[in-house]
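Novice: If you scroll down you'll find the structure; I have some questions about it.
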Amino acid sequence: KPFTSTRTLLAASLIATLSACGGSNTYQLGGSVVGLTQDGLVLSNGSNTLAVSAGASGYLFPDKLKYGAVFDVQIKTQPAHQTCGINGAKGSAGTTSSTAGLVSCSLNTNTIGGTISGLTAAGLKLTNGGDTQEIAANSTTFTMSRVPYGIAYGVTVLQQPTGKTCSVSSGIGTMGDVAITNIVVSCV
C-alpha cells in the first residue's frame with residue numbers, strides 16, 4: 001500500500017496547488033519596456049488596452065489569458081515626442097506566464113537647417129556639436145543632422161569661406177516636434 005499512499009499524497013498536493021492558483025489555467029500577459037521617457041503609450045491586445053507610464057520597465061495586462069489563447073500585442077498610441085516599436089508580441093498562452101515581447105522607445109528626431117545668402121566662395125563650414133558640414137559655394141539652403149526632441153542645438157560658423165565673412169542668426173534653440181528650417185546664414 002505504500003504506492004497508493006504516495007499517489008494519494010501527490011494528488012492532494014496537486015489539488016492544493018491548483019486551488020492556490022484559483023484552480024484555472026490562466027496566464028498573465030506582459031513584457032519589458034526600454035527607453036520610455038514620455039507619457040501617452042497605449043498597448044492593445046485585441047480589445048484590451050493598457051496605458052504604460054513614462055519610466056516603466058515593464059507592462060502587465062490585467063486580464064488573464066486562458067491556456068492556448070492567442071495574443072497579439074500592438075502599439076495603439078505612441079507616447080508624446082517618442083516612437084516605440086514592439087518585438088516578439090505574438091503567440092499563445094502556454095504553461096507559464098506569457099511574455100508578449102519587448103517595447104523599445106526612442107525620442108523623435110528632426111533635422112536642423114535654413115537658408116544661406118551671399119555665399120559665392122568655397123570653404124564655409126557650419127557646425128552643431130559634433131556635426132560639421134562643409135557648404136558648397138552658391139548654396140542657398142543647408143540641412144544638418146537630426147537632433148532628438150528636447151535636446152539643445154547651436155549652429156555656428158566653424159570655418160569662414162575664402163574672402164567672405166558669414167554669420168548665423170536663429171541658430172540656437174531646443175529641438176521640438178518639427179524640423180528647424182528658420183536658421184539664417186548671411187555672408188558678405
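Letters A, B, ... mark the chains of the C-alpha cells in the order given; residue numbers begin at 1 per chain; ligand numbers begin at 1, in order shown.
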Give me every strand (DSSP E or B) residue in stretch 23-180 of chain A, going by DSSP on the backbone, as a ChimeraX atom specification.
Specialist: /A:26-27,29-34,41-45,48-52,58-60,65-66,70-77,82-87,90-92,98-107,109-117,124-128,131-135,141-148,152-154,156-159,166-169,172-174,180
Novice: DSSP on the backbone, then: every residue of stretch 1-169 of chain A marked alpha helix (DSSP H), written as a PyMOL selection string.
Specialist: chain A and resi 2-20
Novice: Selected residues, N, CA, C and O atoms, written as a compact mmCIF listing (two decimals), in the first residue's frame, please.
Specialist:
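Result file is result.txt:
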```txt
# COMPACT_ATOMS: atom_id res chain seq x y z
N PRO A 2 2.20 1.25 0.07
CA PRO A 2 2.96 2.48 0.03
C PRO A 2 2.74 3.21 -1.29
O PRO A 2 2.76 4.44 -1.33
N PHE A 3 2.56 2.47 -2.39
CA PHE A 3 2.36 3.10 -3.70
C PHE A 3 1.06 3.90 -3.72
O PHE A 3 1.01 5.02 -4.21
N THR A 4 -0.02 3.36 -3.15
CA THR A 4 -1.30 4.04 -3.10
C THR A 4 -1.21 5.29 -2.23
O THR A 4 -1.75 6.34 -2.56
N SER A 5 -0.51 5.23 -1.14
CA SER A 5 -0.35 6.40 -0.25
C SER A 5 0.41 7.51 -0.95
O SER A 5 0.10 8.68 -0.79
N THR A 6 1.42 7.14 -1.72
CA THR A 6 2.20 8.13 -2.46
C THR A 6 1.33 8.81 -3.51
O THR A 6 1.37 10.04 -3.67
N ARG A 7 0.52 8.01 -4.22
CA ARG A 7 -0.38 8.57 -5.22
C ARG A 7 -1.40 9.49 -4.58
O ARG A 7 -1.70 10.57 -5.11
N THR A 8 -1.93 9.12 -3.46
CA THR A 8 -2.91 9.95 -2.76
C THR A 8 -2.27 11.25 -2.30
O THR A 8 -2.86 12.33 -2.44
N LEU A 9 -1.04 11.16 -1.81
CA LEU A 9 -0.32 12.35 -1.35
C LEU A 9 -0.04 13.30 -2.53
O LEU A 9 -0.22 14.51 -2.42
N LEU A 10 0.38 12.75 -3.68
CA LEU A 10 0.65 13.57 -4.87
C LEU A 10 -0.63 14.22 -5.39
O LEU A 10 -0.63 15.40 -5.77
N ALA A 11 -1.72 13.48 -5.41
CA ALA A 11 -3.00 14.04 -5.87
C ALA A 11 -3.46 15.17 -4.95
O ALA A 11 -3.91 16.22 -5.41
N ALA A 12 -3.32 14.98 -3.66
CA ALA A 12 -3.72 16.02 -2.71
C ALA A 12 -2.85 17.26 -2.87
O ALA A 12 -3.32 18.40 -2.80
N SER A 13 -1.57 17.05 -3.11
CA SER A 13 -0.65 18.17 -3.33
C SER A 13 -1.01 18.94 -4.59
O SER A 13 -1.00 20.18 -4.60
N LEU A 14 -1.34 18.24 -5.67
CA LEU A 14 -1.73 18.88 -6.92
C LEU A 14 -3.03 19.68 -6.75
O LEU A 14 -3.13 20.81 -7.23
N ILE A 15 -3.98 19.13 -6.05
CA ILE A 15 -5.24 19.83 -5.82
C ILE A 15 -5.01 21.09 -4.99
O ILE A 15 -5.54 22.16 -5.29
N ALA A 16 -4.15 20.99 -3.99
CA ALA A 16 -3.84 22.16 -3.16
C ALA A 16 -3.15 23.25 -3.98
O ALA A 16 -3.43 24.44 -3.83
N THR A 17 -2.25 22.83 -4.86
CA THR A 17 -1.54 23.79 -5.71
C THR A 17 -2.50 24.48 -6.66
O THR A 17 -2.47 25.70 -6.81
N LEU A 18 -3.38 23.71 -7.31
CA LEU A 18 -4.36 24.29 -8.22
C LEU A 18 -5.33 25.20 -7.48
O LEU A 18 -5.71 26.26 -7.99
N SER A 19 -5.71 24.85 -6.28
CA SER A 19 -6.62 25.69 -5.50
C SER A 19 -5.96 27.01 -5.16
O SER A 19 -6.59 28.06 -5.19
N ALA A 20 -4.68 26.96 -4.84
CA ALA A 20 -3.95 28.19 -4.51
C ALA A 20 -3.86 29.10 -5.72
O ALA A 20 -3.79 30.32 -5.58
```
Novice: Could you tell me how far atom CA of A:Val157 sits from atom CA of A:Gly129, in Å to one decimal place?
Specialist: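 Those two atoms sit 11.4 Å apart.
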Novice: So, counting only C-alpha atoms, which residue among A:Gly88, A:Thr127, A:Tyr149, A:Gly68 is closest to A:Gln38?
Specialist: A:Tyr149
Novice: Applying 10 Å and only C-alpha atoms, which residues near A:Gly35 remain after dropping the ones on its own chain fewer than 6 positions away? List them as a list of chain:residue names.
Specialist: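 Everything that qualifies: A:Ala54, A:Gly55, A:Ala56, A:Ser57, A:Gln82, A:Thr83, A:Cys84, A:Val103, A:Ser104, A:Cys105, A:Ser106, A:Leu107.
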Novice: Can I get the selection written as a tab-separated table (two decimals), in the first residue's frame, with N, CA and C atoms?
Specialist:
```
chain	number	residue	atom	x	y	z
A	54	ALA	N	5.46	56.79	-18.35
A	54	ALA	CA	6.87	57.12	-18.59
A	54	ALA	C	7.72	56.52	-17.48
A	55	GLY	N	8.87	55.99	-17.86
A	55	GLY	CA	9.79	55.40	-16.90
A	55	GLY	C	9.53	53.94	-16.60
A	56	ALA	N	8.44	53.38	-17.11
A	56	ALA	CA	8.11	51.98	-16.83
A	56	ALA	C	9.18	51.06	-17.43
A	57	SER	N	9.48	49.99	-16.72
A	57	SER	CA	10.43	49.00	-17.23
A	57	SER	C	9.72	47.74	-17.71
A	82	GLN	N	7.95	60.61	-28.83
A	82	GLN	CA	8.71	59.37	-28.98
A	82	GLN	C	8.05	58.45	-29.99
A	83	THR	N	8.84	57.49	-30.47
A	83	THR	CA	8.33	56.42	-31.31
A	83	THR	C	8.76	55.10	-30.69
A	84	CYS	N	7.80	54.21	-30.52
A	84	CYS	CA	8.08	52.91	-29.91
A	84	CYS	C	7.79	51.80	-30.92
A	103	VAL	N	9.07	46.22	-25.71
A	103	VAL	CA	8.72	47.51	-26.28
A	103	VAL	C	9.96	48.40	-26.15
A	104	SER	N	10.46	48.89	-27.28
A	104	SER	CA	11.63	49.78	-27.30
A	104	SER	C	11.20	51.14	-27.81
A	105	CYS	N	11.58	52.19	-27.08
A	105	CYS	CA	11.17	53.55	-27.43
A	105	CYS	C	12.39	54.45	-27.58
A	106	SER	N	12.29	55.40	-28.49
A	106	SER	CA	13.36	56.39	-28.65
A	106	SER	C	12.72	57.75	-28.93
A	107	LEU	N	13.45	58.79	-28.57
A	107	LEU	CA	12.96	60.14	-28.82
A	107	LEU	C	12.86	60.40	-30.32
```
Novice: With a distance cut-off of 12 Å and only C-alpha atoms, select the neighbouring residues of stretch 130-139 of chain A, excluding the residue or stretch itself and same-chain residues fewer than 5 positions from it, and output the selection as a count of residues only.
Specialist: 35
Novice: As a ChimeraX atom specification, please: the residues near A:Leu65 (cut-off 7 Å, only C-alpha atoms, same-chain neighbours under 6 positions excluded).
Specialist: /A:26-28,93
Novice: Print the selection's residues with C-alpha atoms to a file, as a JSON list (two decimals), in the first residue's frame.
Specialist:
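The file below, selection-v1.json, is the result:
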```
[["chain", "number", "residue", "atom", "x", "y", "z"],
["A", 26, "THR", "CA", -4.87, 31.32, -16.86],
["A", 27, "TYR", "CA", -1.72, 33.25, -17.62],
["A", 28, "GLN", "CA", -0.56, 36.83, -17.17],
["A", 93, "ALA", "CA", -0.62, 31.39, -23.66]]
```
Novice: Residues within 10 Å of A:Ile151, please, as a short mmCIF file (atom, residue, chain, number, x, y, z; two decimals) with N, CA and C atoms, in the first residue's frame. Count only C-alpha atoms; anything in the same chain fewer than 3 positions from it doesn't count.
Specialist:
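Produced file result14.cif, reproduced below:
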```cif
data_model
loop_
_atom_site.label_atom_id
_atom_site.label_comp_id
_atom_site.auth_asym_id
_atom_site.auth_seq_id
_atom_site.Cartn_x
_atom_site.Cartn_y
_atom_site.Cartn_z
N LEU A 107 13.45 58.79 -28.57
CA LEU A 107 12.96 60.14 -28.82
C LEU A 107 12.86 60.40 -30.32
N THR A 109 13.35 62.49 -33.69
CA THR A 109 14.42 63.38 -34.12
C THR A 109 13.97 64.16 -35.34
N VAL A 147 18.38 65.94 -34.71
CA VAL A 147 18.56 66.22 -33.29
C VAL A 147 17.34 65.65 -32.55
N PRO A 148 17.55 64.91 -31.44
CA PRO A 148 16.42 64.36 -30.69
C PRO A 148 15.59 65.45 -30.02
N GLY A 173 18.69 76.91 -30.12
CA GLY A 173 17.36 76.57 -29.63
C GLY A 173 17.31 75.17 -29.05
N THR A 174 16.12 74.70 -28.82
CA THR A 174 15.88 73.34 -28.32
C THR A 174 14.94 72.66 -29.30
N MET A 175 15.29 71.44 -29.68
CA MET A 175 14.51 70.72 -30.69
C MET A 175 13.11 70.42 -30.18
N GLY A 176 12.14 70.72 -31.03
CA GLY A 176 10.74 70.42 -30.74
C GLY A 176 10.26 69.25 -31.57
#
```
Novice: I'd like the interatomic distance between atom CA of A:Thr77 and atom CA of A:Val42, to a tenth of an Å.
Specialist: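 Atom-to-atom, atom CA of A:Thr77 to atom CA of A:Val42, that is 4.9 Å.
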Novice: When you count only C-alpha atoms, which of these residues is closest to A:Tyr67: A:Ser44, A:Ser32, A:Thr141, A:Asn25?
Specialist: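 The answer is A:Asn25, which sits nearest to A:Tyr67.
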